file upload.cif (mmCIF, C-alpha atoms (C1' of nucleotides))
data_input
loop_
_atom_site.label_atom_id
_atom_site.label_comp_id
_atom_site.auth_asym_id
_atom_site.auth_seq_id
_atom_site.Cartn_x
_atom_site.Cartn_y
_atom_site.Cartn_z
CA MET J 3 4.64 -90.73 -23.69
CA ILE J 4 5.23 -92.24 -20.26
CA SER J 5 6.60 -89.84 -17.75
CA GLY J 6 8.01 -92.49 -15.46
CA LYS J 7 9.95 -93.61 -18.53
CA PHE J 8 13.39 -93.16 -17.05
CA ALA J 9 12.47 -94.82 -13.77
CA ILE J 10 10.80 -97.72 -15.51
CA THR J 11 13.61 -98.20 -17.97
CA ILE J 12 16.27 -98.18 -15.31
CA HIS J 13 14.25 -100.62 -13.27
CA ILE J 14 14.07 -102.97 -16.24
CA LEU J 15 17.77 -102.65 -16.93
CA THR J 16 18.69 -103.23 -13.30
CA LEU J 17 16.72 -106.48 -13.31
CA LEU J 18 18.36 -107.57 -16.54
CA THR J 19 21.76 -106.77 -15.07
CA LYS J 20 20.98 -108.85 -12.01
CA TYR J 21 20.05 -111.86 -14.14
CA PRO J 22 22.37 -111.53 -17.13
CA ASN J 23 21.90 -115.11 -18.29
CA ASP J 24 18.13 -115.29 -18.30
CA TYR J 25 15.49 -114.10 -20.68
CA LEU J 26 13.09 -112.31 -18.35
CA SER J 27 9.46 -112.11 -19.41
CA SER J 28 7.60 -108.83 -19.51
CA GLU J 29 5.18 -110.31 -17.03
CA TYR J 30 7.92 -111.02 -14.53
CA ILE J 31 9.41 -107.57 -14.94
CA ALA J 32 5.98 -105.98 -14.67
CA GLY J 33 5.53 -107.81 -11.38
CA SER J 34 8.57 -106.13 -9.92
CA ILE J 35 7.64 -102.66 -11.16
CA ASN J 36 3.95 -103.24 -10.50
CA LEU J 37 3.07 -102.05 -13.94
CA ASN J 38 1.10 -103.38 -16.85
CA PRO J 39 3.17 -105.83 -18.94
CA VAL J 40 2.22 -104.04 -22.14
CA LEU J 41 3.88 -100.87 -20.88
CA VAL J 42 6.97 -102.86 -20.02
CA ARG J 43 7.04 -104.23 -23.54
CA LYS J 44 6.74 -100.71 -24.89
CA GLU J 45 9.80 -99.58 -22.96
CA ILE J 46 11.63 -102.69 -24.04
CA ALA J 47 10.77 -101.82 -27.64
CA ASN J 48 12.56 -98.54 -27.09
CA LEU J 49 15.58 -100.28 -25.61
CA LYS J 50 15.65 -102.69 -28.53
CA ALA J 51 15.62 -99.81 -30.97
CA HIS J 52 18.77 -98.62 -29.23
CA HIS J 53 20.28 -102.11 -29.27
CA ILE J 54 20.59 -102.21 -25.50
CA VAL J 55 18.61 -105.41 -25.09
CA GLU J 56 17.57 -108.30 -27.25
CA SER J 57 14.47 -110.34 -26.90
CA LYS J 58 13.22 -113.71 -27.93
CA GLU J 59 9.62 -114.36 -28.88
CA GLY J 60 7.65 -117.49 -28.15
CA LYS J 61 7.62 -119.88 -25.28
CA ASN J 62 10.34 -119.30 -22.70
CA GLY J 63 11.01 -116.05 -24.47
CA GLY J 64 11.78 -112.75 -22.86
CA THR J 65 14.44 -110.09 -22.82
CA LYS J 66 18.08 -109.92 -21.87
CA LEU J 67 20.86 -107.36 -21.93
CA ALA J 68 22.76 -107.01 -25.18
CA VAL J 69 25.50 -104.76 -23.84
CA ASP J 70 28.07 -104.79 -21.08
CA PRO J 71 26.58 -102.91 -18.12
CA THR J 72 29.96 -101.46 -17.25
CA ASN J 73 29.92 -99.60 -20.56
CA LEU J 74 26.43 -98.19 -20.45
CA THR J 75 26.05 -94.97 -18.50
CA LEU J 76 22.98 -93.43 -16.97
CA LYS J 77 23.49 -90.53 -19.34
CA GLU J 78 22.74 -92.76 -22.28
CA ILE J 79 19.69 -94.17 -20.54
CA PHE J 80 18.59 -90.63 -19.77
CA GLU J 81 18.92 -89.66 -23.40
CA MET J 82 16.92 -92.65 -24.54
CA THR J 83 14.01 -91.87 -22.29
CA PHE J 84 13.99 -88.19 -21.64
CA GLU J 85 14.79 -85.63 -24.25
CA THR J 86 16.26 -83.05 -21.93
CA ILE J 87 15.88 -81.77 -18.46
CA ASN J 88 14.07 -78.51 -18.15
CA LEU J 89 11.86 -76.55 -15.87
CA GLY J 90 9.17 -76.22 -18.50
CA TYR J 91 7.81 -73.59 -20.82
CA ALA J 92 4.50 -71.81 -20.76
CA LYS J 93 2.08 -73.70 -22.96
CA ASN J 94 1.15 -70.93 -25.35
CA GLN J 95 3.27 -68.88 -27.69
CA PRO J 96 4.15 -65.70 -25.79
CA ASN J 97 3.40 -62.28 -27.23
CA PRO J 98 6.02 -61.47 -29.87
CA ASP J 99 5.30 -57.75 -29.59
CA CYS J 100 6.55 -57.67 -26.02
CA PRO J 101 10.32 -57.56 -25.57
CA VAL J 102 10.08 -60.13 -22.82
CA GLY J 103 7.58 -62.36 -24.61
CA LYS J 104 9.72 -62.27 -27.71
CA LYS J 105 12.82 -63.67 -26.06
CA ILE J 106 11.65 -65.59 -23.02
CA ASN J 107 11.70 -69.03 -24.59
CA GLN J 108 15.08 -68.51 -26.10
CA ASN J 109 16.52 -67.37 -22.79
CA LEU J 110 14.93 -70.24 -20.91
CA ALA J 111 16.29 -72.66 -23.49
CA ALA J 112 19.81 -71.35 -22.92
CA LEU J 113 19.39 -71.76 -19.18
CA TYR J 114 18.10 -75.29 -19.59
CA ALA J 115 20.92 -76.18 -21.96
CA ASP J 116 23.41 -75.36 -19.22
CA MET J 117 21.40 -77.42 -16.83
CA ASN J 118 21.53 -80.40 -19.12
CA GLN J 119 25.22 -80.17 -19.42
CA LYS J 120 25.64 -80.29 -15.66
CA VAL J 121 23.26 -83.19 -15.29
CA SER J 122 24.82 -85.08 -18.17
CA LEU J 123 28.21 -84.77 -16.58
CA GLN J 124 26.85 -86.34 -13.43
CA LEU J 125 25.03 -89.17 -15.19
CA GLU J 126 27.98 -89.91 -17.41
CA GLY J 127 29.93 -90.88 -14.33
CA ILE J 128 27.56 -93.67 -13.33
CA SER J 129 27.40 -96.97 -15.20
CA LEU J 130 24.45 -99.31 -15.16
CA GLU J 131 26.74 -101.70 -13.31
CA ASP J 132 27.41 -99.07 -10.62
CA PHE J 133 23.73 -98.41 -10.26
CA SER J 134 22.84 -102.10 -10.07
CA ASN J 135 25.47 -102.76 -7.46
CA GLN J 136 23.54 -100.65 -5.01
CA PHE J 137 20.88 -103.33 -4.75
CA MET P 202 -0.31 -77.73 -10.18
CA ILE P 203 0.87 -75.85 -13.26
CA SER P 204 3.80 -77.42 -14.95
CA GLY P 205 4.92 -74.28 -16.71
CA LYS P 206 5.07 -72.74 -13.24
CA PHE P 207 8.74 -71.87 -13.31
CA ALA P 208 8.58 -70.43 -16.81
CA ILE P 209 5.47 -68.41 -16.02
CA THR P 210 6.84 -67.14 -12.74
CA ILE P 211 10.11 -66.06 -14.23
CA HIS P 212 8.26 -64.35 -17.05
CA ILE P 213 6.19 -62.42 -14.52
CA LEU P 214 9.24 -61.46 -12.51
CA THR P 215 11.15 -60.35 -15.58
CA LEU P 216 8.31 -58.02 -16.53
CA LEU P 217 8.16 -56.63 -13.01
CA THR P 218 11.91 -56.08 -13.07
CA LYS P 219 11.64 -54.20 -16.35
CA TYR P 220 9.00 -51.87 -14.93
CA PRO P 221 10.02 -51.56 -11.29
CA ASN P 222 7.95 -48.47 -10.65
CA ASP P 223 4.62 -49.63 -12.00
CA TYR P 224 1.89 -51.83 -10.69
CA LEU P 225 1.30 -54.20 -13.60
CA SER P 226 -2.14 -55.74 -13.92
CA SER P 227 -2.64 -59.46 -14.27
CA GLU P 228 -4.34 -58.79 -17.56
CA TYR P 229 -1.32 -56.98 -18.93
CA ILE P 230 1.04 -59.69 -17.76
CA ALA P 231 -1.26 -62.37 -19.13
CA GLY P 232 -1.11 -60.62 -22.49
CA SER P 233 2.65 -61.00 -22.63
CA ILE P 234 2.62 -64.65 -21.56
CA ASN P 235 -0.52 -65.38 -23.56
CA LEU P 236 -2.11 -67.03 -20.59
CA ASN P 237 -5.34 -66.71 -18.71
CA PRO P 238 -5.19 -63.82 -16.19
CA VAL P 239 -6.54 -66.03 -13.43
CA LEU P 240 -3.53 -68.28 -13.75
CA VAL P 241 -1.25 -65.28 -13.57
CA ARG P 242 -2.97 -64.20 -10.37
CA LYS P 243 -2.46 -67.67 -8.97
CA GLU P 244 1.25 -67.52 -9.58
CA ILE P 245 1.34 -64.05 -8.13
CA ALA P 246 -0.41 -65.39 -5.04
CA ASN P 247 2.48 -67.79 -4.66
CA LEU P 248 5.02 -65.00 -5.08
CA LYS P 249 3.18 -62.93 -2.53
CA ALA P 250 3.27 -65.78 -0.05
CA HIS P 251 7.04 -65.68 -0.42
CA HIS P 252 7.12 -61.88 -0.10
CA ILE P 253 8.71 -61.45 -3.49
CA VAL P 254 6.03 -59.12 -4.82
CA GLU P 255 3.34 -56.94 -3.40
CA SER P 256 0.07 -56.09 -5.00
CA LYS P 257 -2.56 -53.47 -4.75
CA GLU P 258 -6.22 -54.20 -5.21
CA GLY P 259 -8.79 -51.95 -6.80
CA LYS P 260 -8.61 -49.55 -9.68
CA ASN P 261 -5.11 -48.97 -11.05
CA GLY P 262 -4.05 -51.86 -8.91
CA GLY P 263 -1.61 -54.55 -9.89
CA THR P 264 1.61 -56.09 -8.79
CA LYS P 265 5.16 -54.89 -8.34
CA LEU P 266 8.43 -56.30 -7.09
CA ALA P 267 9.02 -56.17 -3.36
CA VAL P 268 12.65 -57.22 -3.44
CA ASP P 269 15.87 -56.11 -5.04
CA PRO P 270 16.32 -58.18 -8.20
CA THR P 271 20.05 -58.30 -7.67
CA ASN P 272 19.46 -60.27 -4.49
CA LEU P 273 16.98 -62.81 -5.77
CA THR P 274 18.49 -65.82 -7.48
CA LEU P 275 16.93 -68.23 -9.90
CA LYS P 276 17.51 -70.92 -7.33
CA GLU P 277 15.02 -69.28 -5.02
CA ILE P 278 12.53 -68.93 -7.85
CA PHE P 279 13.09 -72.57 -8.72
CA GLU P 280 12.39 -73.60 -5.15
CA MET P 281 9.20 -71.60 -5.04
CA THR P 282 7.80 -73.20 -8.16
CA PHE P 283 9.30 -76.61 -8.52
CA GLU P 284 9.86 -78.92 -5.62
CA THR P 285 12.86 -80.67 -7.04
CA ILE P 286 14.23 -81.76 -10.32
CA ASN P 287 13.91 -85.42 -11.05
CA LEU P 288 13.52 -87.87 -13.85
CA GLY P 289 10.36 -89.32 -12.37
CA TYR P 290 9.26 -92.42 -10.54
CA ALA P 291 7.05 -95.24 -11.70
CA LYS P 292 3.52 -94.50 -10.65
CA ASN P 293 2.81 -97.59 -8.61
CA GLN P 294 4.50 -98.91 -5.53
CA PRO P 295 7.06 -101.43 -6.76
CA ASN P 296 7.09 -104.97 -5.47
CA PRO P 297 8.66 -104.98 -1.98
CA ASP P 298 9.47 -108.69 -2.26
CA CYS P 299 11.87 -108.08 -5.10
CA PRO P 300 15.32 -106.82 -4.14
CA VAL P 301 15.20 -104.31 -6.96
CA GLY P 302 11.62 -103.25 -6.36
CA LYS P 303 12.38 -102.80 -2.68
CA LYS P 304 15.15 -100.27 -3.20
CA ILE P 305 14.57 -98.69 -6.57
CA ASN P 306 12.83 -95.56 -5.33
CA GLN P 307 15.37 -94.98 -2.63
CA ASN P 308 18.23 -95.28 -5.12
CA LEU P 309 16.54 -93.04 -7.63
CA ALA P 310 15.92 -90.50 -4.90
CA ALA P 311 19.62 -90.44 -4.06
CA LEU P 312 20.48 -89.94 -7.70
CA TYR P 313 17.99 -87.12 -8.05
CA ALA P 314 19.24 -85.47 -4.87
CA ASP P 315 22.68 -85.17 -6.43
CA MET P 316 21.11 -83.77 -9.54
CA ASN P 317 19.35 -81.10 -7.57
CA GLN P 318 22.52 -80.06 -5.93
CA LYS P 319 24.21 -79.55 -9.28
CA VAL P 320 21.29 -77.62 -10.67
CA SER P 321 20.93 -75.51 -7.54
CA LEU P 322 24.55 -74.52 -7.77
CA GLN P 323 24.00 -73.31 -11.29
CA LEU P 324 20.82 -71.41 -10.52
CA GLU P 325 22.31 -69.84 -7.43
CA GLY P 326 24.79 -68.02 -9.64
CA ILE P 327 22.13 -66.19 -11.62
CA SER P 328 20.18 -63.28 -10.19
CA LEU P 329 16.82 -62.12 -11.47
CA GLU P 330 18.63 -58.96 -12.52
CA ASP P 331 21.11 -61.00 -14.59
CA PHE P 332 18.30 -62.88 -16.23
CA SER P 333 16.31 -59.73 -16.99
CA ASN P 334 19.30 -58.01 -18.50
CA GLN P 335 19.26 -60.50 -21.34
CA PHE P 336 16.12 -58.90 -22.73
"C1'" DT K 274 1.03 -131.81 -35.13
"C1'" DA K 275 -1.26 -129.51 -31.47
"C1'" DC K 276 -0.74 -126.82 -27.49
"C1'" DA K 277 1.03 -123.50 -24.36
"C1'" DT K 278 3.62 -119.42 -23.70
"C1'" DT K 279 5.50 -115.34 -24.92
"C1'" DT K 280 6.54 -111.01 -27.79
"C1'" DG K 281 4.77 -107.10 -30.65
"C1'" DT K 282 1.46 -103.92 -31.53
"C1'" DA K 283 -2.89 -101.61 -32.25
"C1'" DA K 284 -7.04 -99.90 -30.52
"C1'" DC K 285 -9.53 -98.34 -27.00
"C1'" DA K 286 -10.64 -96.92 -22.05
"C1'" DT K 287 -9.67 -94.68 -17.80
"C1'" DA K 288 -7.26 -91.65 -14.73
"C1'" DT K 289 -4.59 -87.79 -13.71
"C1'" DT K 290 -2.76 -83.42 -14.42
"C1'" DT K 291 -2.77 -78.92 -16.61
"C1'" DT K 292 -4.83 -75.14 -18.43
"C1'" DA K 293 -8.94 -72.28 -19.30
"C1'" DT K 294 -13.29 -70.09 -18.16
"C1'" DT K 295 -16.92 -68.12 -15.52
"C1'" DA K 296 -18.46 -65.87 -11.71
"C1'" DC K 297 -18.50 -62.89 -8.13
"C1'" DA K 298 -17.20 -60.69 -3.57
"C1'" DG K 299 -14.09 -57.25 -1.97
"C1'" DT K 300 -11.16 -53.04 -2.56
"C1'" DA K 301 -9.24 -48.81 -4.20
"C1'" DT K 302 -9.58 -44.68 -7.42
"C1'" DG K 303 -11.48 -40.71 -9.41
"C1'" DC R 251 -21.20 -44.25 -7.32
"C1'" DA R 252 -19.16 -46.20 -11.53
"C1'" DT R 253 -15.08 -48.35 -12.97
"C1'" DA R 254 -11.15 -51.29 -12.84
"C1'" DC R 255 -8.70 -54.06 -10.40
"C1'" DT R 256 -7.41 -58.36 -7.07
"C1'" DG R 257 -8.57 -62.84 -4.81
"C1'" DT R 258 -10.53 -67.03 -4.98
"C1'" DA R 259 -13.75 -70.83 -5.76
"C1'" DA R 260 -16.02 -73.80 -8.79
"C1'" DT R 261 -16.28 -75.90 -12.95
"C1'" DA R 262 -14.98 -77.25 -17.68
"C1'" DA R 263 -11.99 -78.61 -21.21
"C1'" DA R 264 -7.77 -80.31 -23.02
"C1'" DA R 265 -3.67 -82.76 -22.76
"C1'" DT R 266 -0.95 -86.46 -21.10
"C1'" DA R 267 -0.11 -90.79 -18.82
"C1'" DT R 268 -1.43 -95.19 -17.63
"C1'" DG R 269 -4.17 -99.39 -18.05
"C1'" DT R 270 -6.74 -103.03 -20.61
"C1'" DT R 271 -8.18 -106.03 -24.15
"C1'" DA R 272 -7.34 -108.39 -28.13
"C1'" DC R 273 -4.98 -110.92 -31.29
"C1'" DA R 274 -1.36 -112.16 -34.88
"C1'" DA R 275 3.11 -114.17 -35.04
"C1'" DA R 276 6.89 -116.75 -33.08
"C1'" DT R 277 8.90 -120.54 -30.63
"C1'" DG R 278 9.51 -124.40 -27.57
"C1'" DT R 279 7.72 -128.93 -26.18
"C1'" DA R 280 4.66 -132.89 -25.52
#

call {"tool": "encode", "arguments": {"input": "upload.cif", "output": "structure tokens"}}
result
Amino acid sequence: MISGKFAITIHILTLLTKYPNDYLSSEYIAGSINLNPVLVRKEIANLKAHHIVESKEGKNGGTKLAVDPTNLTLKEIFEMTFETINLGYAKNQPNPDCPVGKKINQNLAALYADMNQKVSLQLEGISLEDFSNQF
Amino acid sequence: MISGKFAITIHILTLLTKYPNDYLSSEYIAGSINLNPVLVRKEIANLKAHHIVESKEGKNGGTKLAVDPTNLTLKEIFEMTFETINLGYAKNQPNPDCPVGKKINQNLAALYADMNQKVSLQLEGISLEDFSNQF
DNA sequence: TACATTTGTAACATATTTTATTACAGTATG
DNA sequence: CATACTGTAATAAAATATGTTACAAATGTA
């Protein structure tokens, strides 16, 4: 659910990193992303479940970072919002009576696993702080 | 169009590699992938446009490889079926009056470009022949 | 206390993308 | 000339993503 999940989440976190002392409202954040506030709150719910942010209900409420952005890497954000990288699978179960059909998904999975390792290595090297400093 | 494009295409090419002397029909290939034959023909059309396969119309027609599978890498297949790897962008244009909104897509694009390079390097090292030999 | 503002969440609606189906013209084979 | 294919367009259905409305609950403040 939500395919721009990673992009949206990193946008939220970048804003929170820029204003580490304020509780930002979902409405404000939504204005920067140009997205419905409810969807912002949904992504924030995910971040809360991972204890990356904390939020305060009621008037003047909102959300703020709960971790040090120098310690959070893009890899962790990736894993919270995107199971794995892959180039997809065919939708239907392939024919198990065909030698290729029988093993295709397994072989693709192995390929994709390698891919993830490479990508993870890259993302592990970038902290939220690093990313935010580009703005 | 077609998100399982890479998976489907590589499935097709693996079959063609296994039977290098036969013209395989879209119906036969579709049976292994468990996919509608029209969709198989569409992917084959793409492969033909890249001169990877050739096909013969009419009775006993079908498709066969037009290249040496030791010379075709998964990177090339990836590029024919998947523009680039990325973790997505938010759907709407972000707010250009916000410093984060203004640069988010550009910064994500740079991140994704690095990712593609890593993935390309991996895929470049695997030939269609290598992949097919796993079956 | 009463009011305004904000989160949290569910339910529903719309839009977009993917996959499937039908149909049929054109081409080769026997 | 009947049969079995490709090629392709048009349309339908299904799946996924995004957007909207609504409202209870929480919290600050007049």

call {"tool": "resolve_selection", "arguments": {"input": "upload.cif", "expression": "the PyMOL selection byres ((chain J) within 12 of (chain K))", "output": "compact mmCIF listing (two decimals) with C-alpha atoms, in the frame of the given file"}}
result
# COMPACT_ATOMS: atom_id res chain seq x y z
CA SER J 5 6.60 -89.84 -17.75
CA TYR J 25 15.49 -114.10 -20.68
CA LEU J 26 13.09 -112.31 -18.35
CA SER J 27 9.46 -112.11 -19.41
CA SER J 28 7.60 -108.83 -19.51
CA GLU J 29 5.18 -110.31 -17.03
CA TYR J 30 7.92 -111.02 -14.53
CA PRO J 39 3.17 -105.83 -18.94
CA VAL J 40 2.22 -104.04 -22.14
CA LEU J 41 3.88 -100.87 -20.88
CA VAL J 42 6.97 -102.86 -20.02
CA ARG J 43 7.04 -104.23 -23.54
CA LYS J 44 6.74 -100.71 -24.89
CA GLU J 45 9.80 -99.58 -22.96
CA ILE J 46 11.63 -102.69 -24.04
CA ALA J 47 10.77 -101.82 -27.64
CA LYS J 50 15.65 -102.69 -28.53
CA GLU J 56 17.57 -108.30 -27.25
CA SER J 57 14.47 -110.34 -26.90
CA LYS J 58 13.22 -113.71 -27.93
CA GLU J 59 9.62 -114.36 -28.88
CA GLY J 60 7.65 -117.49 -28.15
CA LYS J 61 7.62 -119.88 -25.28
CA ASN J 62 10.34 -119.30 -22.70
CA GLY J 63 11.01 -116.05 -24.47
CA GLY J 64 11.78 -112.75 -22.86
CA THR J 65 14.44 -110.09 -22.82
CA ALA J 92 4.50 -71.81 -20.76
CA LYS J 93 2.08 -73.70 -22.96
CA ASN J 94 1.15 -70.93 -25.35

call {"tool": "atom_distance", "arguments": {"input": "upload.cif", "atom1": "atom CA of Lys20 of chain J", "atom2": "atom CA of Glu126 of chain J"}}
result
20.9 Å

call {"tool": "residues_near_point", "arguments": {"input": "upload.cif", "point": "(10.0, -61.7, -12.2)", "cutoff": "9 Å", "atoms": "all atoms listed in the file", "output": "PyMOL selection string"}}
result
chain P and resi 209-219+253-254+266+270+278+329+333

call {"tool": "resolve_selection", "arguments": {"input": "upload.cif", "expression": "the PyMOL selection byres ((chain R) within 6 of (chain P))", "output": "list in words"}}
result
DA254, DC255 and DT256 of chain R

call {"tool": "interface_residues", "arguments": {"input": "upload.cif", "of": "chain P", "to": "chain J", "cutoff": "9 Å", "atoms": "only C-alpha atoms", "output": "JSON, numbers by chain"}}
result
{"P": [204, 205, 206, 207, 208, 209, 211, 212, 215, 216, 219, 232, 233, 234, 235, 236, 279, 283, 286, 287, 288, 289, 290, 291, 292, 293, 294, 295, 296, 297, 298, 299, 300, 301, 302, 303, 304, 305, 306, 308, 309, 312, 315, 316, 317, 319, 320, 323, 324, 332, 333, 335, 336]}

call {"tool": "write_last_selection", "arguments": {"input": "upload.cif", "atoms": "C-alpha atoms", "output": "mmCIF file, in the frame of the given file"}}
result
data_model
loop_
_atom_site.group_PDB
_atom_site.id
_atom_site.type_symbol
_atom_site.label_atom_id
_atom_site.label_comp_id
_atom_site.auth_asym_id
_atom_site.auth_seq_id
_atom_site.Cartn_x
_atom_site.Cartn_y
_atom_site.Cartn_z
ATOM 1 C CA SER P 204 3.800 -77.420 -14.950
ATOM 2 C CA GLY P 205 4.920 -74.280 -16.710
ATOM 3 C CA LYS P 206 5.070 -72.740 -13.240
ATOM 4 C CA PHE P 207 8.740 -71.870 -13.310
ATOM 5 C CA ALA P 208 8.580 -70.430 -16.810
ATOM 6 C CA ILE P 209 5.470 -68.410 -16.020
ATOM 7 C CA ILE P 211 10.110 -66.060 -14.230
ATOM 8 C CA HIS P 212 8.260 -64.350 -17.050
ATOM 9 C CA THR P 215 11.150 -60.350 -15.580
ATOM 10 C CA LEU P 216 8.310 -58.020 -16.530
ATOM 11 C CA LYS P 219 11.640 -54.200 -16.350
ATOM 12 C CA GLY P 232 -1.110 -60.620 -22.490
ATOM 13 C CA SER P 233 2.650 -61.000 -22.630
ATOM 14 C CA ILE P 234 2.620 -64.650 -21.560
ATOM 15 C CA ASN P 235 -0.520 -65.380 -23.560
ATOM 16 C CA LEU P 236 -2.110 -67.030 -20.590
ATOM 17 C CA PHE P 279 13.090 -72.570 -8.720
ATOM 18 C CA PHE P 283 9.300 -76.610 -8.520
ATOM 19 C CA ILE P 286 14.230 -81.760 -10.320
ATOM 20 C CA ASN P 287 13.910 -85.420 -11.050
ATOM 21 C CA LEU P 288 13.520 -87.870 -13.850
ATOM 22 C CA GLY P 289 10.360 -89.320 -12.370
ATOM 23 C CA TYR P 290 9.260 -92.420 -10.540
ATOM 24 C CA ALA P 291 7.050 -95.240 -11.700
ATOM 25 C CA LYS P 292 3.520 -94.500 -10.650
ATOM 26 C CA ASN P 293 2.810 -97.590 -8.610
ATOM 27 C CA GLN P 294 4.500 -98.910 -5.530
ATOM 28 C CA PRO P 295 7.060 -101.430 -6.760
ATOM 29 C CA ASN P 296 7.090 -104.970 -5.470
ATOM 30 C CA PRO P 297 8.660 -104.980 -1.980
ATOM 31 C CA ASP P 298 9.470 -108.690 -2.260
ATOM 32 C CA CYS P 299 11.870 -108.080 -5.100
ATOM 33 C CA PRO P 300 15.320 -106.820 -4.140
ATOM 34 C CA VAL P 301 15.200 -104.310 -6.960
ATOM 35 C CA GLY P 302 11.620 -103.250 -6.360
ATOM 36 C CA LYS P 303 12.380 -102.800 -2.680
ATOM 37 C CA LYS P 304 15.150 -100.270 -3.200
ATOM 38 C CA ILE P 305 14.570 -98.690 -6.570
ATOM 39 C CA ASN P 306 12.830 -95.560 -5.330
ATOM 40 C CA ASN P 308 18.230 -95.280 -5.120
ATOM 41 C CA LEU P 309 16.540 -93.040 -7.630
ATOM 42 C CA LEU P 312 20.480 -89.940 -7.700
ATOM 43 C CA ASP P 315 22.680 -85.170 -6.430
ATOM 44 C CA MET P 316 21.110 -83.770 -9.540
ATOM 45 C CA ASN P 317 19.350 -81.100 -7.570
ATOM 46 C CA LYS P 319 24.210 -79.550 -9.280
ATOM 47 C CA VAL P 320 21.290 -77.620 -10.670
ATOM 48 C CA GLN P 323 24.000 -73.310 -11.290
ATOM 49 C CA LEU P 324 20.820 -71.410 -10.520
ATOM 50 C CA PHE P 332 18.300 -62.880 -16.230
ATOM 51 C CA SER P 333 16.310 -59.730 -16.990
ATOM 52 C CA GLN P 335 19.260 -60.500 -21.340
ATOM 53 C CA PHE P 336 16.120 -58.900 -22.730
#

call {"tool": "atom_distance", "arguments": {"input": "upload.cif", "atom1": "atom CA of Glu131 of chain J", "atom2": "atom CA of Ala115 of chain J"}}
result
27.6 Å

call {"tool": "atom_distance", "arguments": {"input": "upload.cif", "atom1": "atom CA of Val268 of chain P", "atom2": "atom CA of Gly326 of chain P"}}
result
17.4 Å

call {"tool": "closest_residue", "arguments": {"input": "upload.cif", "among": "J:Ala51, J:Ala112, J:Ser129, J:Asn23", "to": "Glu78 of chain J", "atoms": "all atoms listed in the file"}}
result
J:Ser129
